[in-house]
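Engineer: So that we are looking at the same thing, I have put the structure below in structure tokens.
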Amino acid sequence: MLHLITGGSASGKSRFGEQAALDTGAGCRYYIATMEPWGREGRERVSRHRRQREGKGFHTIEAYHNLETVFLESGNREDRVILLECMSNLVANEQFGTGGSDEEILGRIFGGVRHLQDQGKDLIIITNEVFSDGSLYERETLRYLKLLGQANRKLALWADQVTEVIYGIGVGIKGKEEDYGKQ
């Protein structure tokens with residue numbers, strides 16, 4: 001099953017996604033971290049997320065780009081949940097770090113998502129809703145927003161379940177109604 005979780009900054013989507021991973025009952029839990037911890041603020045954010053996951057049994061893999069190179073070794077596919085945090089960092093890393101045309105960037109991202117899906121029964125992807133602020137941006141930032149929007153749209157189509165987290169509350173967009181609001 002593919003579950004896409006979206007929400008604004010500090011909406012509680014990370015905590016919601018972790019709980020969704022725990023709720024699968026999978027014995028083997030992987031956390032794929034895509035945020036490169038640049039600067040003090042980035043390191044603090046990564047530390048906060050690590051503390052939040054403590055004691056929950058996640059195997060953390062830092063994979064900033066090229067998800068097709070990630071191979072999970074513990075557990076078997078049917079007892080494995082993978083939490084990918086987060087798509088917005090992955091898109092930025094692929095665009096600004098690895099580079100290439102829009103098609104190449106999205107191809108790597110979607111190929112990586114499919115590769116992770118093949119390795120686990122459940123894949124939960126966290127992404128950001130960054131399209132509502134109405135600000136003016138530089139050309140490369142606009143390209144990033146376009147790529148993230150394209151990735152989010154395609155993932156939402158692929159997903160069995162889509163949840164938007166608002167103020168820590170999951171609002172069902174697509175999927176099982178009885179699962180909406182789980183925390």
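Chain identifiers are assigned as A, B, and so on, following the order in which chains appear in the structure tokens; residues are numbered from 1 within each chain, and ligands are numbered from 1 in order of appearance.
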Select from stretch 81-111 of chain A every residue with an atom at most 10 Å from any atom of stretch 15-24 of chain A, then for each give the shortest pair of atoms and their distance in Å to one decimal, using only C-alpha atoms, rows by chain and rising number, as a Markdown table.

Structural biologist:
```
| residue | atom | partner | partner_atom | distance |
| --- | --- | --- | --- | --- |
| A:Val81 | CA | A:Ala21 | CA | 6.3 |
| A:Ile82 | CA | A:Ala21 | CA | 7.5 |
| A:Leu83 | CA | A:Ala21 | CA | 6.8 |
| A:Leu84 | CA | A:Gly17 | CA | 9.1 |
| A:Glu85 | CA | A:Gly17 | CA | 8.8 |
```

Engineer: Report as a tab-separated table: every residue of stretch 7-27 of chain A with an atom at most 12 Å from stretch 131-147 of chain A, its closest pair of atoms, and their distance in Å to one decimal, counting only C-alpha atoms, with rows sorted by chain and ascending residue number.

Structural biologist:
```
residue	atom	partner	partner_atom	distance
A:Gly7	CA	A:Phe131	CA	10.6
A:Gly8	CA	A:Ser132	CA	9.2
A:Ser9	CA	A:Phe131	CA	11.4
```

Engineer: Looking only at helix (DSSP H, G or I) from DSSP on the backbone, list the matching residues of stretch 65-147 of chain A as a PyMOL selection string.

Structural biologist: chain A and resi 67-69+77-79+87-98+102-117+139-147

Engineer: Which of these residues is nearest to A:His115, using only C-alpha atoms: A:Ser88, A:Ser14, A:Thr69, A:Ser74?

Structural biologist: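 Comparing A:Ser88, A:Ser14, A:Thr69, A:Ser74 against A:His115, the winner is A:Thr69.
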
Engineer: What parts of chain A does DSSP call strand (DSSP E)? I'd like the answer as a PDB file with C-alpha atoms, in the first residue's frame.

Structural biologist:
```pdb
ATOM      1  CA  LEU A   2       1.180   3.519  -0.788  1.00  0.00           C
ATOM      2  CA  HIS A   3       0.089   6.278   1.615  1.00  0.00           C
ATOM      3  CA  LEU A   4       0.919   9.897   0.749  1.00  0.00           C
ATOM      4  CA  ILE A   5       0.815  12.323   3.687  1.00  0.00           C
ATOM      5  CA  THR A   6       0.927  16.050   3.008  1.00  0.00           C
ATOM      6  CA  GLY A   7       0.630  19.204   5.052  1.00  0.00           C
ATOM      7  CA  CYS A  28      10.412  -4.132  10.477  1.00  0.00           C
ATOM      8  CA  ARG A  29      10.238  -0.346  10.135  1.00  0.00           C
ATOM      9  CA  TYR A  30      12.515   1.730   7.917  1.00  0.00           C
ATOM     10  CA  TYR A  31      12.838   5.510   7.929  1.00  0.00           C
ATOM     11  CA  ILE A  32      14.397   6.932   4.764  1.00  0.00           C
ATOM     12  CA  ALA A  33      15.706  10.402   5.645  1.00  0.00           C
ATOM     13  CA  PHE A  58      12.895   2.464  13.021  1.00  0.00           C
ATOM     14  CA  HIS A  59      16.042   1.613  11.056  1.00  0.00           C
ATOM     15  CA  THR A  60      17.170   4.992   9.691  1.00  0.00           C
ATOM     16  CA  ILE A  61      18.813   5.251   6.280  1.00  0.00           C
ATOM     17  CA  GLU A  62      20.026   8.624   5.051  1.00  0.00           C
ATOM     18  CA  ARG A  80       8.262  -4.247   6.265  1.00  0.00           C
ATOM     19  CA  VAL A  81       6.968  -0.662   6.292  1.00  0.00           C
ATOM     20  CA  ILE A  82       9.017   2.153   4.786  1.00  0.00           C
ATOM     21  CA  LEU A  83       8.546   5.795   5.773  1.00  0.00           C
ATOM     22  CA  LEU A  84      10.104   8.246   3.295  1.00  0.00           C
ATOM     23  CA  GLU A  85      10.599  11.720   4.776  1.00  0.00           C
ATOM     24  CA  ASP A 122       3.678  -0.488   2.900  1.00  0.00           C
ATOM     25  CA  LEU A 123       5.336   2.740   1.755  1.00  0.00           C
ATOM     26  CA  ILE A 124       4.406   5.989   3.476  1.00  0.00           C
ATOM     27  CA  ILE A 125       5.653   9.198   1.867  1.00  0.00           C
ATOM     28  CA  ILE A 126       5.660  12.566   3.614  1.00  0.00           C
ATOM     29  CA  GLN A 161      -4.463   6.595   0.556  1.00  0.00           C
ATOM     30  CA  VAL A 162      -3.797  10.356   0.728  1.00  0.00           C
ATOM     31  CA  THR A 163      -4.027  12.307   3.971  1.00  0.00           C
ATOM     32  CA  GLU A 164      -3.556  16.015   4.598  1.00  0.00           C
ATOM     33  CA  VAL A 165      -2.435  16.864   8.120  1.00  0.00           C
ATOM     34  CA  ILE A 166      -3.795  20.128   9.465  1.00  0.00           C
ATOM     35  CA  ILE A 169      -5.223  16.153  12.523  1.00  0.00           C
ATOM     36  CA  GLY A 170      -5.314  13.851   9.513  1.00  0.00           C
ATOM     37  CA  VAL A 171      -7.959  14.791   6.967  1.00  0.00           C
ATOM     38  CA  GLY A 172      -8.687  12.043   4.461  1.00  0.00           C
ATOM     39  CA  ILE A 173      -8.380  12.994   0.819  1.00  0.00           C
ATOM     40  CA  LYS A 174      -8.316   9.514  -0.722  1.00  0.00           C
TER      41      LYS A 174
END
```

Engineer: Work out how far atom CA of A:Gly25 is from atom CA of A:Tyr64, in Å to one decimal.

Structural biologist: 26.9 Å

Engineer: Taking only C-alpha atoms into account, which of A:Gly120, A:Asn93, A:Ile105, A:Gly99 comes nearest A:Glu73?

Structural biologist: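 Residue with the minimum atom-to-atom distance to A:Glu73: A:Gly120.
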
Engineer: Ranking A:Leu148, A:Met35, A:Val46, A:Val113 by minimum distance to A:Ala63 and counting only C-alpha atoms, which one comes first?

Structural biologist: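 Using only C-alpha atoms, the shortest distance to A:Ala63 belongs to A:Met35.
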
Engineer: For A:Leu90, which residue out of A:Arg45, A:Arg77, A:Arg114, A:His65 is the nearest one, using only C-alpha atoms?

Structural biologist: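 Of A:Arg45, A:Arg77, A:Arg114, A:His65, the one nearest A:Leu90, counting only C-alpha atoms, is A:His65.
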
Engineer: Using only C-alpha atoms, can you tell me which of A:Arg51, A:Asp102, A:Asp118, A:Ala92 comes closest to A:Glu68?

Structural biologist: A:Asp118
